[in-house]
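Have a look at target25.tsv; it's TSV, C-alpha atoms:
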```tsv
chain	number	residue	atom	x	y	z
Z	1	MET	CA	85.68	104.58	99.84
Z	2	THR	CA	89.42	105.19	99.63
Z	3	LYS	CA	90.26	107.05	96.45
Z	4	PHE	CA	93.50	106.77	94.53
Z	5	LYS	CA	95.50	109.61	93.01
Z	6	ARG	CA	98.09	109.86	90.28
Z	7	LYS	CA	101.56	109.14	91.61
Z	8	THR	CA	102.80	112.45	90.19
Z	9	GLN	CA	100.47	114.47	92.44
Z	10	LYS	CA	101.91	115.70	95.74
Z	11	ALA	CA	100.07	114.78	98.92
Z	12	THR	CA	99.28	117.33	101.64
Z	13	ALA	CA	100.20	115.03	104.53
Z	14	ILE	CA	100.93	111.43	105.50
Z	15	LEU	CA	98.45	110.08	108.04
Z	16	SER	CA	99.70	107.51	110.55
Z	17	ALA	CA	99.44	106.37	114.18
Z	18	ASP	CA	100.68	103.87	116.75
Z	19	TRP	CA	104.29	103.40	115.69
Z	20	HIS	CA	105.17	101.95	119.13
Z	21	ILE	CA	108.91	102.30	118.65
Z	22	ARG	CA	110.60	99.91	121.09
Z	23	PRO	CA	114.06	98.47	121.81
Z	24	ASP	CA	112.88	94.92	122.52
Z	25	THR	CA	111.24	92.19	120.45
Z	26	PRO	CA	107.60	91.13	120.93
Z	27	VAL	CA	107.27	87.53	122.02
Z	28	CYS	CA	105.45	86.58	118.80
Z	29	ARG	CA	108.19	87.78	116.43
Z	30	GLN	CA	110.82	85.41	115.03
Z	31	ASP	CA	112.74	87.89	112.89
Z	32	ASN	CA	114.94	90.91	113.53
Z	33	PHE	CA	112.09	93.06	114.78
Z	34	PHE	CA	114.08	96.28	115.13
Z	35	ALA	CA	115.40	96.01	111.56
Z	36	ALA	CA	111.87	95.42	110.30
Z	37	MET	CA	110.63	98.45	112.25
Z	38	GLU	CA	113.43	100.65	110.93
Z	39	LYS	CA	112.68	99.54	107.36
Z	40	LYS	CA	109.07	100.70	107.68
Z	41	ILE	CA	110.06	104.00	109.28
Z	42	ASP	CA	112.59	104.66	106.49
Z	43	PHE	CA	109.87	103.87	103.94
Z	44	ILE	CA	107.59	106.51	105.50
Z	45	LEU	CA	110.38	109.08	105.74
Z	46	ASP	CA	111.23	108.54	102.06
Z	47	LEU	CA	107.55	108.88	101.18
Z	48	SER	CA	107.48	112.20	103.04
Z	49	LYS	CA	110.48	113.42	101.06
Z	50	GLU	CA	108.89	112.31	97.79
Z	51	HIS	CA	105.73	114.31	98.50
Z	52	ASP	CA	107.43	117.12	100.44
Z	53	CYS	CA	104.75	116.86	103.12
Z	54	PRO	CA	104.53	116.37	106.90
Z	55	ILE	CA	104.02	113.06	108.68
Z	56	LEU	CA	101.15	113.18	111.18
Z	57	ILE	CA	101.24	110.59	114.00
Z	58	ALA	CA	98.08	110.27	116.09
Z	59	GLY	CA	99.72	109.11	119.30
Z	60	ASP	CA	101.87	106.29	120.69
Z	61	LEU	CA	105.03	107.08	118.79
Z	62	GLY	CA	106.77	105.04	121.48
Z	63	HIS	CA	105.88	101.77	123.12
Z	64	LYS	CA	106.89	102.98	126.59
Z	65	ALA	CA	107.08	106.43	128.13
Z	66	GLN	CA	110.80	106.04	128.90
Z	67	TRP	CA	113.25	105.31	126.07
Z	68	PRO	CA	116.81	104.03	126.58
Z	69	ASN	CA	119.47	106.61	125.69
Z	70	TRP	CA	120.70	104.75	122.63
Z	71	LEU	CA	117.16	104.59	121.21
Z	72	LEU	CA	116.66	108.32	121.78
Z	73	GLU	CA	119.93	109.03	119.99
Z	74	TRP	CA	118.88	106.76	117.13
Z	75	ALA	CA	115.50	108.51	116.80
Z	76	ILE	CA	116.98	112.01	116.96
Z	77	HIS	CA	119.38	111.25	114.10
Z	78	LYS	CA	116.65	109.43	112.19
Z	79	PHE	CA	113.96	112.11	112.48
Z	80	LYS	CA	115.90	115.37	112.34
Z	81	GLY	CA	115.34	117.17	109.06
Z	82	HIS	CA	111.93	115.58	108.61
Z	83	ASP	CA	108.58	117.22	109.29
Z	84	ILE	CA	106.96	114.99	111.93
Z	85	ILE	CA	103.95	116.21	113.93
Z	86	CYS	CA	102.74	114.07	116.87
Z	87	ILE	CA	100.17	114.07	119.62
Z	88	PRO	CA	100.88	112.04	122.78
Z	89	GLY	CA	99.19	108.70	123.33
Z	90	GLN	CA	98.95	106.90	126.67
Z	91	HIS	CA	102.03	104.79	125.93
Z	92	ASP	CA	104.01	108.01	125.41
Z	93	LEU	CA	103.19	109.39	128.87
Z	94	PRO	CA	104.59	108.47	132.31
Z	95	ASN	CA	101.71	106.99	134.30
Z	96	HIS	CA	99.49	107.97	131.33
Z	97	ARG	CA	99.63	111.60	132.56
Z	98	LEU	CA	99.85	114.45	130.08
Z	99	ASP	CA	101.32	116.78	132.72
Z	100	LEU	CA	104.38	114.49	132.91
Z	101	PHE	CA	105.07	114.83	129.18
Z	102	GLU	CA	108.42	116.61	129.69
Z	103	LYS	CA	109.72	113.56	131.59
Z	104	SER	CA	109.00	111.22	128.68
Z	105	GLY	CA	111.01	110.01	125.71
Z	106	LEU	CA	108.59	111.91	123.49
Z	107	GLY	CA	109.43	115.03	125.50
Z	108	VAL	CA	113.16	114.54	124.86
Z	109	LEU	CA	112.58	114.11	121.11
Z	110	THR	CA	110.46	117.27	121.11
Z	111	ALA	CA	113.07	119.26	123.04
Z	112	ALA	CA	115.74	118.04	120.61
Z	113	LYS	CA	113.54	119.32	117.74
Z	114	ALA	CA	113.54	115.89	116.13
Z	115	ILE	CA	109.72	116.00	116.11
Z	116	LYS	CA	106.99	118.52	116.91
Z	117	THR	CA	104.43	117.56	119.55
Z	118	ILE	CA	101.11	119.43	119.60
Z	119	GLY	CA	98.07	119.40	121.85
Z	120	LEU	CA	99.93	120.05	125.10
Z	121	ASN	CA	98.71	123.60	125.60
Z	122	ASP	CA	97.27	124.99	122.39
Z	123	PHE	CA	94.06	123.61	120.96
Z	124	THR	CA	95.11	124.12	117.35
Z	125	HIS	CA	98.30	124.21	115.33
Z	126	ASN	CA	98.71	126.22	112.14
Z	127	TYR	CA	100.91	124.39	109.67
Z	128	LYS	CA	103.09	126.51	107.38
Z	129	ASN	CA	101.13	129.76	107.47
Z	130	SER	CA	97.76	128.05	107.73
Z	131	THR	CA	97.92	125.87	104.64
Z	132	ILE	CA	96.21	123.44	107.01
Z	133	GLU	CA	95.09	123.75	110.60
Z	134	ILE	CA	95.20	120.89	113.07
Z	135	ALA	CA	92.98	120.52	116.12
Z	136	ALA	CA	94.91	118.30	118.55
Z	137	PHE	CA	93.37	115.93	121.09
Z	138	PRO	CA	96.06	113.85	122.84
Z	139	TYR	CA	95.28	110.97	125.17
Z	140	GLY	CA	92.85	112.05	127.88
Z	141	LYS	CA	91.27	114.82	125.78
Z	142	GLU	CA	88.23	113.70	123.82
Z	143	ILE	CA	87.61	115.25	120.45
Z	144	LYS	CA	85.38	118.33	120.57
Z	145	GLU	CA	83.84	120.95	118.34
Z	146	PHE	CA	86.12	123.53	116.76
Z	147	TYR	CA	85.61	126.55	118.91
Z	148	GLY	CA	83.30	129.54	118.47
Z	149	GLU	CA	83.77	132.30	115.95
Z	150	ARG	CA	87.12	130.89	114.81
Z	151	LYS	CA	85.16	128.29	112.85
Z	152	LYS	CA	83.88	131.03	110.51
Z	153	GLU	CA	87.42	132.25	109.82
Z	154	ILE	CA	88.69	128.94	108.52
Z	155	ASN	CA	88.99	128.83	104.74
Z	156	TRP	CA	91.72	126.18	104.61
Z	157	PRO	CA	91.60	122.46	105.42
Z	158	LEU	CA	90.89	121.61	109.05
Z	159	ILE	CA	91.99	118.24	110.44
Z	160	ALA	CA	91.48	116.71	113.88
Z	161	MET	CA	94.10	114.41	115.41
Z	162	THR	CA	92.87	112.31	118.31
Z	163	HIS	CA	94.23	109.47	120.40
Z	164	GLN	CA	91.15	107.72	121.68
Z	165	MET	CA	89.63	104.34	120.92
Z	166	VAL	CA	87.44	104.67	117.82
Z	167	ILE	CA	85.85	101.68	116.13
Z	168	ASP	CA	84.48	101.00	112.67
Z	169	ASP	CA	81.24	99.05	112.93
Z	170	LYS	CA	82.14	96.27	115.33
Z	171	ARG	CA	83.30	96.14	118.93
Z	172	LEU	CA	86.64	94.53	119.76
Z	173	TRP	CA	85.13	92.95	122.89
Z	174	PRO	CA	81.48	92.53	123.94
Z	175	ASP	CA	81.23	95.32	126.54
Z	176	GLN	CA	83.51	97.83	124.79
Z	177	GLU	CA	82.41	101.46	124.99
Z	178	ALA	CA	83.88	103.49	122.13
Z	179	PRO	CA	82.53	105.93	119.53
Z	180	GLU	CA	82.04	104.75	115.98
Z	181	GLY	CA	83.72	106.55	113.12
Z	182	HIS	CA	80.46	107.54	111.44
Z	183	SER	CA	79.14	109.10	114.64
Z	184	LEU	CA	82.23	111.30	115.01
Z	185	LEU	CA	82.05	112.50	111.40
Z	186	LYS	CA	78.38	113.37	111.83
Z	187	LYS	CA	78.97	115.09	115.17
Z	188	PHE	CA	81.93	117.20	113.97
Z	189	PRO	CA	81.20	118.28	110.37
Z	190	GLU	CA	83.85	121.04	110.47
Z	191	TYR	CA	86.70	118.51	110.18
Z	192	GLN	CA	87.57	117.38	106.66
Z	193	ILE	CA	89.71	114.62	108.17
Z	194	ILE	CA	89.65	112.99	111.60
Z	195	LEU	CA	92.88	111.07	112.18
Z	196	SER	CA	92.55	108.64	115.09
Z	197	GLY	CA	95.00	106.43	116.94
Z	198	ASP	CA	94.85	103.76	119.69
Z	199	ASN	CA	92.89	101.12	117.77
Z	200	HIS	CA	95.55	98.95	116.11
Z	201	GLN	CA	93.16	97.75	113.44
Z	202	ALA	CA	93.24	99.76	110.20
Z	203	PHE	CA	90.06	101.19	108.70
Z	204	THR	CA	88.57	104.30	107.13
Z	205	VAL	CA	85.06	105.72	107.30
Z	206	GLU	CA	83.51	108.23	104.88
Z	207	HIS	CA	80.57	110.58	105.41
Z	208	GLU	CA	79.54	113.29	102.96
Z	209	GLY	CA	83.00	113.44	101.42
Z	210	ARG	CA	84.80	113.66	104.76
Z	211	HIS	CA	86.94	110.87	106.21
Z	212	LEU	CA	87.86	109.32	109.52
Z	213	VAL	CA	91.20	107.57	109.09
Z	214	ASN	CA	92.41	105.02	111.64
Z	215	PRO	CA	95.72	103.82	110.14
Z	216	GLY	CA	96.28	101.00	112.65
Z	217	SER	CA	99.62	99.96	114.09
Z	218	LEU	CA	102.90	100.32	112.24
Z	219	MET	CA	104.11	96.88	113.35
Z	220	ARG	CA	102.58	93.45	113.80
Z	221	SER	CA	103.35	92.94	117.46
Z	222	THR	CA	100.87	90.23	118.44
Z	223	ALA	CA	99.98	86.85	117.03
Z	224	ALA	CA	96.45	88.14	116.39
Z	225	GLN	CA	97.94	90.61	113.89
Z	226	GLU	CA	99.34	87.98	111.56
Z	227	ASP	CA	97.00	89.11	108.76
Z	228	HIS	CA	97.36	92.83	109.52
Z	229	LYS	CA	98.68	94.91	106.61
Z	230	PRO	CA	100.56	97.92	108.03
Z	231	ARG	CA	99.86	101.09	106.12
Z	232	VAL	CA	99.82	104.87	106.08
Z	233	TYR	CA	97.50	107.14	104.14
Z	234	LEU	CA	98.28	109.97	101.79
Z	235	TRP	CA	95.87	112.89	102.16
Z	236	TYR	CA	95.19	115.30	99.29
Z	237	ALA	CA	93.60	118.37	100.84
Z	238	ASP	CA	92.47	120.02	97.59
Z	239	THR	CA	89.94	117.25	96.91
Z	240	ASN	CA	89.97	115.67	100.40
Z	241	ASP	CA	90.89	112.31	98.91
Z	242	ILE	CA	92.92	109.66	100.73
Z	243	GLU	CA	95.14	106.88	99.42
Z	244	ALA	CA	96.37	103.83	101.33
Z	245	VAL	CA	100.08	103.07	100.98
Z	246	TYR	CA	101.03	99.62	102.28
Z	247	LEU	CA	104.35	99.18	104.06
Z	248	PRO	CA	106.88	96.41	103.35
Z	249	ILE	CA	106.39	93.25	105.42
Z	250	GLU	CA	107.88	89.75	105.56
Z	251	GLN	CA	105.74	86.63	105.69
Z	252	GLY	CA	106.27	83.82	108.18
Z	253	VAL	CA	107.70	85.97	110.99
Z	254	ILE	CA	104.75	85.64	113.40
Z	255	SER	CA	104.67	82.74	115.88
Z	256	ARG	CA	101.82	81.50	118.08
Z	257	THR	CA	103.96	79.12	120.11
Z	258	HIS	CA	103.93	81.34	123.19
Z	259	ILE	CA	100.14	81.36	123.13
Z	260	ASP	CA	99.91	77.58	122.89
Z	261	ILE	CA	102.31	77.20	125.83
Z	262	ALA	CA	100.33	79.70	127.87
Z	263	LYS	CA	97.13	77.79	127.15
Z	264	GLU	CA	98.58	74.56	128.48
Z	265	ARG	CA	100.21	76.16	131.50
Z	266	GLU	CA	97.33	78.24	132.71
Z	267	ASN	CA	94.47	76.09	131.44
Z	268	ARG	CA	92.52	79.10	130.29
Z	269	ASN	CA	88.96	78.60	129.21
Z	270	GLU	CA	88.08	79.00	125.55
Z	271	ALA	CA	86.12	82.23	125.89
Z	272	PHE	CA	88.96	84.05	127.65
Z	273	ILE	CA	91.53	82.85	125.10
Z	274	THR	CA	89.36	84.05	122.22
Z	275	ARG	CA	89.08	87.47	123.82
Z	276	VAL	CA	92.83	87.81	124.46
Z	277	ASN	CA	93.75	86.72	120.94
Z	278	SER	CA	91.40	89.24	119.34
Z	279	ASP	CA	92.28	92.06	121.70
Z	280	THR	CA	95.92	92.56	122.60
Z	281	GLU	CA	99.14	90.80	123.39
Z	282	VAL	CA	99.37	88.60	126.45
Z	283	GLU	CA	102.10	90.75	127.99
Z	284	LEU	CA	99.87	93.86	127.71
Z	285	SER	CA	96.57	92.36	128.83
Z	286	PHE	CA	96.98	93.39	132.47
Z	287	GLU	CA	97.41	97.07	131.56
Z	288	THR	CA	94.50	96.83	129.13
Z	289	ASN	CA	92.28	95.34	131.82
Z	290	LEU	CA	93.26	98.16	134.19
Z	291	GLU	CA	92.35	100.72	131.52
Z	292	ARG	CA	88.94	99.11	131.08
Z	293	TYR	CA	88.35	98.96	134.82
Z	294	PHE	CA	89.17	102.64	135.31
Z	295	GLN	CA	86.94	103.57	132.37
Z	296	LYS	CA	84.03	101.51	133.65
Z	297	TYR	CA	84.22	102.27	137.38
Z	298	ARG	CA	84.71	105.67	138.94
Z	299	THR	CA	88.11	105.59	140.65
Z	300	LYS	CA	89.82	108.33	142.61
Z	301	LYS	CA	92.53	110.11	140.64
Z	302	GLU	CA	95.19	109.46	143.28
Z	303	VAL	CA	94.37	105.73	143.24
Z	304	VAL	CA	94.72	105.62	139.45
Z	305	GLU	CA	98.06	107.44	139.59
Z	306	LYS	CA	99.46	105.19	142.34
Z	307	THR	CA	98.32	102.12	140.41
Z	308	TRP	CA	100.12	103.21	137.23
Z	309	GLU	CA	103.25	104.03	139.25
Z	310	ALA	CA	103.24	100.50	140.64
Z	311	VAL	CA	102.62	98.92	137.24
Z	312	LYS	CA	105.39	100.88	135.51
```
Structure rendered as structure tokens:
Amino acid sequence: MTKFKRKTQKATAILSADWHIRPDTPVCRQDNFFAAMEKKIDFILDLSKEHDCPILIAGDLGHKAQWPNWLLEWAIHKFKGHDIICIPGQHDLPNHRLDLFEKSGLGVLTAAKAIKTIGLNDFTHNYKNSTIEIAAFPYGKEIKEFYGERKKEINWPLIAMTHQMVIDDKRLWPDQEAPEGHSLLKKFPEYQIILSGDNHQAFTVEHEGRHLVNPGSLMRSTAAQEDHKPRVYLWYADTNDIEAVYLPIEQGVISRTHIDIAKERENRNEAFITRVNSDTEVELSFETNLERYFQKYRTKKEVVEKTWEAVK
């Protein structure tokens, strides 16, 4: 259960994921999407100042690996002076490859010291003289046990950040293969908090006083997310409590017109439409289907890389 703290108490960190910063407007949105996105980001930055704590982002800071120059400049000015710690998600990486990180927009922001990206080389990151320690698992690196004798040395909070599909207690599609939150907490008892990204639905799971936090997406970018309530979580390390903080949203800005037109044009069957609407946006479904195919069927690495090059 999510616990609530007194507003006067300072949080240890802000937990978030899947910001998907982008220069364009999703087909379902009828408002000024960029202004709405900036409003939420400013809200989180102000919250970080209020609590004097870092912002942790569990992957997919950006919607695409490459950012236009003006958006990079905007983000550098926006983020500099704030304590933002990220791991890369697949959307952050060219061809979904971690070794191409330096060629990404996330790489530019890191080089400009607007953000700090972890998990590229080192397994863990000590934050401010080990007030907390973060085990980082970017896209392509599944969460694992904290290593060897170092586990015995830890007498401060240990948090895992992972960008992999984690689910609560229900699958997003019938044949989905993904670990459940409870199973990860039971398997890795050394982590007080597991912060996961990739699943755009928000949920938390608790086991023996420890939490898996999946904050969900920052923005409502598909018609299926009309009822989604974007949020971040405040984490209080002394008691390992978490508190949901809901972000400002406007009602009536989500449209389903594009879906209705697509139904008529393509004459999709009802089962397929239901799956698309509950899964991801129409414009992203091809990439999602490729991801599922590569996960389900063994495919040569060079074939996967060439495929992503062609798609991008």
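Reported to one decimal place, the separation of CA of Gln225 in chain Z from CA of Leu71 in chain Z is 24.9 Å.
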Mind checking which residues fall within 10 Å of range 159-161 of chain Z, counting only C-alpha atoms, ignoring those fewer than 6 positions away in the same chain, and posting them as a PyMOL selection string? chain Z and resi 15+17+56-59+86-87+118-119+124-125+132-138+143-146+188+190-197+211-213+237
Generate the output file for the selected residues, C-alpha atoms, as a compact mmCIF listing (two decimals), in the coordinates of the input.
```
# COMPACT_ATOMS: atom_id res chain seq x y z
CA LEU Z 15 98.45 110.08 108.04
CA ALA Z 17 99.44 106.37 114.18
CA LEU Z 56 101.15 113.18 111.18
CA ILE Z 57 101.24 110.59 114.00
CA ALA Z 58 98.08 110.27 116.09
CA GLY Z 59 99.72 109.11 119.30
CA CYS Z 86 102.74 114.07 116.87
CA ILE Z 87 100.17 114.07 119.62
CA ILE Z 118 101.11 119.43 119.60
CA GLY Z 119 98.07 119.40 121.85
CA THR Z 124 95.11 124.12 117.35
CA HIS Z 125 98.30 124.21 115.33
CA ILE Z 132 96.21 123.44 107.01
CA GLU Z 133 95.09 123.75 110.60
CA ILE Z 134 95.20 120.89 113.07
CA ALA Z 135 92.98 120.52 116.12
CA ALA Z 136 94.91 118.30 118.55
CA PHE Z 137 93.37 115.93 121.09
CA PRO Z 138 96.06 113.85 122.84
CA ILE Z 143 87.61 115.25 120.45
CA LYS Z 144 85.38 118.33 120.57
CA GLU Z 145 83.84 120.95 118.34
CA PHE Z 146 86.12 123.53 116.76
CA PHE Z 188 81.93 117.20 113.97
CA GLU Z 190 83.85 121.04 110.47
CA TYR Z 191 86.70 118.51 110.18
CA GLN Z 192 87.57 117.38 106.66
CA ILE Z 193 89.71 114.62 108.17
CA ILE Z 194 89.65 112.99 111.60
CA LEU Z 195 92.88 111.07 112.18
CA SER Z 196 92.55 108.64 115.09
CA GLY Z 197 95.00 106.43 116.94
CA HIS Z 211 86.94 110.87 106.21
CA LEU Z 212 87.86 109.32 109.52
CA VAL Z 213 91.20 107.57 109.09
CA ALA Z 237 93.60 118.37 100.84
```
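From CA of Gln30 in chain Z back to CA of Thr222 in chain Z, the distance works out to 11.6 Å.
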Which residues, written as number ranges by chain, have at least one atom at most 6 Å from His63 in chain Z, with all atoms listed in the file counted and residues fewer than 6 positions away on the same chain left out? Z: 20-22, 91
Given all atoms listed in the file as the basis, pick out the residue of Z:Leu93, Z:Leu106, Z:Leu234, Z:Met219 nearest to Gln9 in chain Z. Z:Leu234
Residues near Gly81 in chain Z, cut-off 10 Å, only C-alpha atoms, skip fewer than 3 positions along chain, as a PyMOL selection string: chain Z and resi 76-78+84+113-115
Point-to-point distance in Å for CA of Gly105 in chain Z and CA of Trp67 in chain Z: 5.2 Å
Please build the interface table for range 208-250 of chain Z against range 38-53 of chain Z with a cut-off of 8 Å, listing for each qualifying residue the nearest atom pair and the distance in Å to one decimal; count only C-alpha atoms, order rows by chain and increasing number, and write it as JSON lines.
```
{"residue": "Z:Leu218", "atom": "CA", "partner": "Z:Lys40", "partner_atom": "CA", "distance": 7.7}
{"residue": "Z:Val232", "atom": "CA", "partner": "Z:Ile44", "partner_atom": "CA", "distance": 8.0}
{"residue": "Z:Leu247", "atom": "CA", "partner": "Z:Lys40", "partner_atom": "CA", "distance": 6.1}
{"residue": "Z:Pro248", "atom": "CA", "partner": "Z:Lys40", "partner_atom": "CA", "distance": 6.5}
```
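You can rank Z:Ile55, Z:Val108, Z:Leu158, Z:Leu100 by their closest distance to His82 in chain Z using all atoms listed in the file, and at the top of that list sits Z:Ile55.
Using only C-alpha atoms, the shortest contact distance between His228 in chain Z and any of Z:Ala11, Z:Ala65, Z:Ile242, Z:Ala202 is found at Z:Ala202.
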